file entry_18.tsv (TSV, N, CA and C atoms)
chain	number	residue	atom	x	y	z
V	144	ILE	N	-165.29	-67.65	-69.45
V	144	ILE	CA	-166.42	-67.37	-70.32
V	144	ILE	C	-166.46	-68.42	-71.42
V	145	ILE	N	-167.59	-69.11	-71.51
V	145	ILE	CA	-167.78	-70.11	-72.56
V	145	ILE	C	-168.16	-69.44	-73.88
V	146	GLY	N	-168.98	-68.44	-73.79
V	146	GLY	CA	-169.44	-67.74	-74.97
V	146	GLY	C	-170.40	-66.63	-74.57
V	147	PHE	N	-170.89	-65.92	-75.59
V	147	PHE	CA	-171.86	-64.87	-75.29
V	147	PHE	C	-172.83	-64.70	-76.43
V	148	TYR	N	-174.03	-64.25	-76.07
V	148	TYR	CA	-175.05	-63.87	-77.04
V	148	TYR	C	-175.05	-62.36	-77.17
V	149	SER	N	-175.15	-61.89	-78.38
V	149	SER	CA	-175.24	-60.46	-78.61
V	149	SER	C	-175.85	-60.23	-79.98
V	150	TYR	N	-176.40	-59.05	-80.15
V	150	TYR	CA	-176.82	-58.65	-81.49
V	150	TYR	C	-175.58	-58.42	-82.33
V	151	ASN	N	-175.73	-58.44	-83.63
V	151	ASN	CA	-174.61	-58.16	-84.51
V	151	ASN	C	-174.56	-56.66	-84.75
V	152	TYR	N	-173.71	-55.99	-84.00
V	152	TYR	CA	-173.59	-54.54	-84.12
V	152	TYR	C	-172.71	-54.13	-85.30
V	153	ASN	N	-172.19	-55.10	-86.03
V	153	ASN	CA	-171.37	-54.78	-87.20
V	153	ASN	C	-172.21	-54.43	-88.42
V	154	LEU	N	-173.52	-54.64	-88.35
V	154	LEU	CA	-174.38	-54.31	-89.48
V	154	LEU	C	-174.43	-52.81	-89.66
V	155	ASN	N	-174.50	-52.38	-90.89
V	155	ASN	CA	-174.61	-50.95	-91.16
V	155	ASN	C	-176.04	-50.51	-90.94
V	156	THR	N	-176.27	-49.81	-89.84
V	156	THR	CA	-177.61	-49.32	-89.53
V	156	THR	C	-177.56	-47.81	-89.37
V	157	PRO	N	-178.59	-47.12	-89.76
V	157	PRO	CA	-178.59	-45.67	-89.70
V	157	PRO	C	-178.76	-45.11	-88.29
V	158	GLN	N	-179.12	-45.97	-87.32
V	158	GLN	CA	-179.38	-45.46	-85.98
V	158	GLN	C	-178.09	-45.00	-85.29
V	159	LYS	N	-178.20	-43.98	-84.49
V	159	LYS	CA	-177.04	-43.44	-83.78
V	159	LYS	C	-176.92	-44.01	-82.37
V	160	LYS	N	-178.03	-44.46	-81.80
V	160	LYS	CA	-178.02	-44.98	-80.45
V	160	LYS	C	-178.73	-46.33	-80.42
V	161	SER	N	-178.38	-47.13	-79.44
V	161	SER	CA	-178.99	-48.44	-79.32
V	161	SER	C	-178.83	-48.91	-77.89
V	162	ALA	N	-179.58	-49.92	-77.52
V	162	ALA	CA	-179.42	-50.55	-76.22
V	162	ALA	C	-178.44	-51.71	-76.36
V	163	LEU	N	-177.67	-51.93	-75.34
V	163	LEU	CA	-176.72	-53.03	-75.34
V	163	LEU	C	-177.42	-54.29	-74.88
V	164	LYS	N	-177.30	-55.33	-75.64
V	164	LYS	CA	-177.87	-56.62	-75.25
V	164	LYS	C	-176.74	-57.63	-75.30
V	165	LEU	N	-176.29	-58.06	-74.13
V	165	LEU	CA	-175.17	-58.97	-74.05
V	165	LEU	C	-175.43	-59.97	-72.92
V	166	GLU	N	-175.24	-61.24	-73.21
V	166	GLU	CA	-175.42	-62.30	-72.22
V	166	GLU	C	-174.17	-63.16	-72.23
V	167	LEU	N	-173.42	-63.14	-71.15
V	167	LEU	CA	-172.19	-63.93	-71.03
V	167	LEU	C	-172.50	-65.23	-70.29
V	168	LEU	N	-172.06	-66.36	-70.83
V	168	LEU	CA	-172.23	-67.66	-70.20
V	168	LEU	C	-170.89	-68.09	-69.63
V	169	LEU	N	-170.84	-68.32	-68.31
V	169	LEU	CA	-169.60	-68.67	-67.63
V	169	LEU	C	-169.45	-70.18	-67.52
V	170	VAL	N	-168.24	-70.63	-67.23
V	170	VAL	CA	-167.93	-72.05	-67.14
V	170	VAL	C	-168.81	-72.76	-66.11
V	171	ASN	N	-169.15	-72.10	-65.02
V	171	ASN	CA	-169.95	-72.74	-63.96
V	171	ASN	C	-171.45	-72.62	-64.22
V	172	ASP	N	-171.85	-72.41	-65.47
V	172	ASP	CA	-173.24	-72.29	-65.91
V	172	ASP	C	-173.95	-71.05	-65.39
V	173	ARG	N	-173.23	-70.12	-64.82
V	173	ARG	CA	-173.82	-68.85	-64.40
V	173	ARG	C	-173.83	-67.91	-65.59
V	174	LYS	N	-174.72	-66.94	-65.55
V	174	LYS	CA	-174.84	-65.99	-66.64
V	174	LYS	C	-174.71	-64.57	-66.11
V	175	ILE	N	-174.15	-63.72	-66.94
V	175	ILE	CA	-174.08	-62.29	-66.66
V	175	ILE	C	-174.82	-61.59	-67.78
V	176	PHE	N	-175.79	-60.78	-67.42
V	176	PHE	CA	-176.58	-60.05	-68.39
V	176	PHE	C	-176.20	-58.57	-68.34
V	177	ILE	N	-175.93	-58.01	-69.48
V	177	ILE	CA	-175.73	-56.57	-69.61
V	177	ILE	C	-176.73	-56.13	-70.66
V	178	ASP	N	-177.70	-55.34	-70.24
V	178	ASP	CA	-178.71	-54.94	-71.20
V	178	ASP	C	-179.34	-53.60	-70.85
V	179	SER	N	-180.00	-53.07	-71.83
V	179	SER	CA	-180.77	-51.83	-71.70
V	179	SER	C	-179.95	-50.63	-71.21
V	180	ILE	N	-178.74	-50.54	-71.68
V	180	ILE	CA	-177.96	-49.35	-71.42
V	180	ILE	C	-178.27	-48.40	-72.57
V	181	GLU	N	-179.35	-47.68	-72.41
V	181	GLU	CA	-179.85	-46.86	-73.51
V	181	GLU	C	-179.02	-45.60	-73.69
V	182	GLY	N	-179.00	-45.15	-74.92
V	182	GLY	CA	-178.33	-43.91	-75.24
V	182	GLY	C	-176.86	-44.07	-75.61
V	183	MET	N	-176.36	-45.31	-75.62
V	183	MET	CA	-174.96	-45.52	-76.01
V	183	MET	C	-174.83	-45.39	-77.52
V	184	ASP	N	-173.74	-44.82	-77.94
V	184	ASP	CA	-173.45	-44.72	-79.36
V	184	ASP	C	-173.17	-46.12	-79.91
V	185	VAL	N	-173.62	-46.40	-81.11
V	185	VAL	CA	-173.45	-47.72	-81.72
V	185	VAL	C	-171.97	-48.09	-81.81
V	186	SER	N	-171.09	-47.12	-82.02
V	186	SER	CA	-169.66	-47.43	-82.12
V	186	SER	C	-169.13	-48.02	-80.81
V	187	VAL	N	-169.68	-47.60	-79.68
V	187	VAL	CA	-169.28	-48.17	-78.39
V	187	VAL	C	-169.70	-49.64	-78.32
V	188	LEU	N	-170.90	-49.93	-78.77
V	188	LEU	CA	-171.40	-51.31	-78.76
V	188	LEU	C	-170.56	-52.20	-79.67
V	189	ILE	N	-170.24	-51.70	-80.83
V	189	ILE	CA	-169.41	-52.47	-81.76
V	189	ILE	C	-168.06	-52.76	-81.13
V	190	ASN	N	-167.47	-51.77	-80.49
V	190	ASN	CA	-166.16	-51.95	-79.85
V	190	ASN	C	-166.22	-52.99	-78.73
V	191	ILE	N	-167.27	-52.99	-77.93
V	191	ILE	CA	-167.40	-53.97	-76.85
V	191	ILE	C	-167.43	-55.38	-77.41
V	192	VAL	N	-168.25	-55.61	-78.43
V	192	VAL	CA	-168.35	-56.95	-79.02
V	192	VAL	C	-167.03	-57.34	-79.69
V	193	LYS	N	-166.41	-56.41	-80.40
V	193	LYS	CA	-165.13	-56.72	-81.08
V	193	LYS	C	-164.02	-57.02	-80.08
V	194	ILE	N	-163.97	-56.28	-78.98
V	194	ILE	CA	-162.95	-56.53	-77.97
V	194	ILE	C	-163.15	-57.90	-77.34
V	195	LEU	N	-164.40	-58.23	-77.00
V	195	LEU	CA	-164.68	-59.56	-76.45
V	195	LEU	C	-164.29	-60.65	-77.44
V	196	GLN	N	-164.66	-60.46	-78.71
V	196	GLN	CA	-164.31	-61.45	-79.73
V	196	GLN	C	-162.79	-61.61	-79.82
V	197	SER	N	-162.09	-60.51	-79.88
V	197	SER	CA	-160.64	-60.53	-80.05
V	197	SER	C	-159.92	-61.13	-78.84
V	198	GLU	N	-160.26	-60.66	-77.66
V	198	GLU	CA	-159.58	-61.11	-76.45
V	198	GLU	C	-159.86	-62.58	-76.14
V	199	LEU	N	-161.04	-63.05	-76.47
V	199	LEU	CA	-161.42	-64.43	-76.18
V	199	LEU	C	-161.28	-65.35	-77.39
V	200	ASN	N	-160.86	-64.79	-78.53
V	200	ASN	CA	-160.75	-65.55	-79.78
V	200	ASN	C	-162.07	-66.22	-80.15
V	201	PHE	N	-163.17	-65.49	-80.01
V	201	PHE	CA	-164.50	-65.99	-80.33
V	201	PHE	C	-164.91	-65.55	-81.72
V	202	GLU	N	-165.79	-66.33	-82.31
V	202	GLU	CA	-166.39	-65.98	-83.59
V	202	GLU	C	-167.87	-66.32	-83.55
V	203	ILE	N	-168.61	-65.81	-84.51
V	203	ILE	CA	-170.04	-66.12	-84.57
V	203	ILE	C	-170.20	-67.59	-84.94
V	204	ILE	N	-170.89	-68.32	-84.08
V	204	ILE	CA	-171.10	-69.75	-84.30
V	204	ILE	C	-172.48	-70.00	-84.92
V	205	LYS	N	-173.49	-69.32	-84.38
V	205	LYS	CA	-174.84	-69.51	-84.93
V	205	LYS	C	-175.68	-68.28	-84.66
V	206	LYS	N	-176.76	-68.18	-85.41
V	206	LYS	CA	-177.69	-67.06	-85.27
V	206	LYS	C	-179.04	-67.59	-84.80
V	207	ASN	N	-179.63	-66.90	-83.83
V	207	ASN	CA	-180.97	-67.22	-83.38
V	207	ASN	C	-181.95	-66.49	-84.29
V	208	LYS	N	-182.74	-67.23	-85.04
V	208	LYS	CA	-183.65	-66.64	-86.03
V	208	LYS	C	-184.73	-65.76	-85.40
V	209	PHE	N	-185.12	-66.08	-84.19
V	209	PHE	CA	-186.27	-65.42	-83.59
V	209	PHE	C	-185.98	-64.02	-83.06
V	210	ASN	N	-184.79	-63.80	-82.53
V	210	ASN	CA	-184.51	-62.48	-81.98
V	210	ASN	C	-183.25	-61.83	-82.55
V	211	ASN	N	-182.72	-62.39	-83.61
V	211	ASN	CA	-181.58	-61.82	-84.33
V	211	ASN	C	-180.33	-61.69	-83.46
V	212	ARG	N	-180.20	-62.55	-82.45
V	212	ARG	CA	-179.00	-62.56	-81.64
V	212	ARG	C	-178.05	-63.63	-82.18
V	213	PHE	N	-176.78	-63.43	-81.93
V	213	PHE	CA	-175.76	-64.36	-82.38
V	213	PHE	C	-175.04	-64.96	-81.18
V	214	TRP	N	-174.63	-66.25	-81.32
V	214	TRP	CA	-173.83	-66.92	-80.30
V	214	TRP	C	-172.38	-66.81	-80.73
V	215	TYR	N	-171.57	-66.19	-79.88
V	215	TYR	CA	-170.14	-66.04	-80.11
V	215	TYR	C	-169.42	-67.01	-79.18
V	216	SER	N	-168.51	-67.81	-79.74
V	216	SER	CA	-167.75	-68.76	-78.95
V	216	SER	C	-166.60	-69.29	-79.79
V	217	LYS	N	-165.87	-70.27	-79.25
V	217	LYS	CA	-164.84	-70.93	-80.05
V	217	LYS	C	-165.46	-72.11	-80.75
V	218	LYS	N	-164.98	-72.40	-81.95
V	218	LYS	CA	-165.51	-73.56	-82.69
V	218	LYS	C	-164.97	-74.83	-82.11
call {"tool": "encode", "arguments": {"input": "entry_18.tsv", "output": "structure tokens"}}
result
Amino acid sequence: IIGFYSYNYNLNTPQKKSALKLELLLVNDRKIFIDSIEGMDVSVLINIVKILQSELNFEIIKKNKFNNRFWYSKK
């Protein structure tokens, strides 16, 4: 995995549920999309992003202004 795009689920939001939006970019330029898993608790989404960040040693590199997604990767 080279990196991934995801919303920043660490923001304090009052919503209890959200859709998961995650796009993984692989070394061979292939992509894996995980999205629209509706009804998941926000804490589950936060845990998924944090685990990916931790296990892959990724951090937020840049933010896409248009859709509020962040690129997570190694610097």
call {"tool": "atom_distance", "arguments": {"input": "entry_18.tsv", "atom1": "atom CA of V:Asn207", "atom2": "atom CA of V:Val170"}}
result
21.4 Å
call {"tool": "atom_distance", "arguments": {"input": "entry_18.tsv", "atom1": "atom CA of V:Leu167", "atom2": "atom CA of V:Asn211"}}
result
16.4 Å
call {"tool": "residues_around", "arguments": {"input": "entry_18.tsv", "residues": "V:Ser149", "least_positions_apart": "3", "cutoff": "8 Å", "atoms": "only C-alpha atoms", "output": "list in words"}}
result
Lys164, Leu165, Glu166, Val192, Arg212, Phe213, Trp214 and Tyr215 of chain V
call {"tool": "write_last_selection", "arguments": {"input": "entry_18.tsv", "atoms": "N, CA and C atoms", "output": "PDB file, keeping the file's coordinate frame"}}
result
ATOM      1  N   LYS V 164    -177.300 -55.330 -75.640  1.00  0.00           N
ATOM      2  CA  LYS V 164    -177.870 -56.620 -75.250  1.00  0.00           C
ATOM      3  C   LYS V 164    -176.740 -57.630 -75.300  1.00  0.00           C
ATOM      4  N   LEU V 165    -176.290 -58.060 -74.130  1.00  0.00           N
ATOM      5  CA  LEU V 165    -175.170 -58.970 -74.050  1.00  0.00           C
ATOM      6  C   LEU V 165    -175.430 -59.970 -72.920  1.00  0.00           C
ATOM      7  N   GLU V 166    -175.240 -61.240 -73.210  1.00  0.00           N
ATOM      8  CA  GLU V 166    -175.420 -62.300 -72.220  1.00  0.00           C
ATOM      9  C   GLU V 166    -174.170 -63.160 -72.230  1.00  0.00           C
ATOM     10  N   VAL V 192    -168.250 -55.610 -78.430  1.00  0.00           N
ATOM     11  CA  VAL V 192    -168.350 -56.950 -79.020  1.00  0.00           C
ATOM     12  C   VAL V 192    -167.030 -57.340 -79.690  1.00  0.00           C
ATOM     13  N   ARG V 212    -180.200 -62.550 -82.450  1.00  0.00           N
ATOM     14  CA  ARG V 212    -179.000 -62.560 -81.640  1.00  0.00           C
ATOM     15  C   ARG V 212    -178.050 -63.630 -82.180  1.00  0.00           C
ATOM     16  N   PHE V 213    -176.780 -63.430 -81.930  1.00  0.00           N
ATOM     17  CA  PHE V 213    -175.760 -64.360 -82.380  1.00  0.00           C
ATOM     18  C   PHE V 213    -175.040 -64.960 -81.180  1.00  0.00           C
ATOM     19  N   TRP V 214    -174.630 -66.250 -81.320  1.00  0.00           N
ATOM     20  CA  TRP V 214    -173.830 -66.920 -80.300  1.00  0.00           C
ATOM     21  C   TRP V 214    -172.380 -66.810 -80.730  1.00  0.00           C
ATOM     22  N   TYR V 215    -171.570 -66.190 -79.880  1.00  0.00           N
ATOM     23  CA  TYR V 215    -170.140 -66.040 -80.110  1.00  0.00           C
ATOM     24  C   TYR V 215    -169.420 -67.010 -79.180  1.00  0.00           C
TER      25      TYR V 215
END
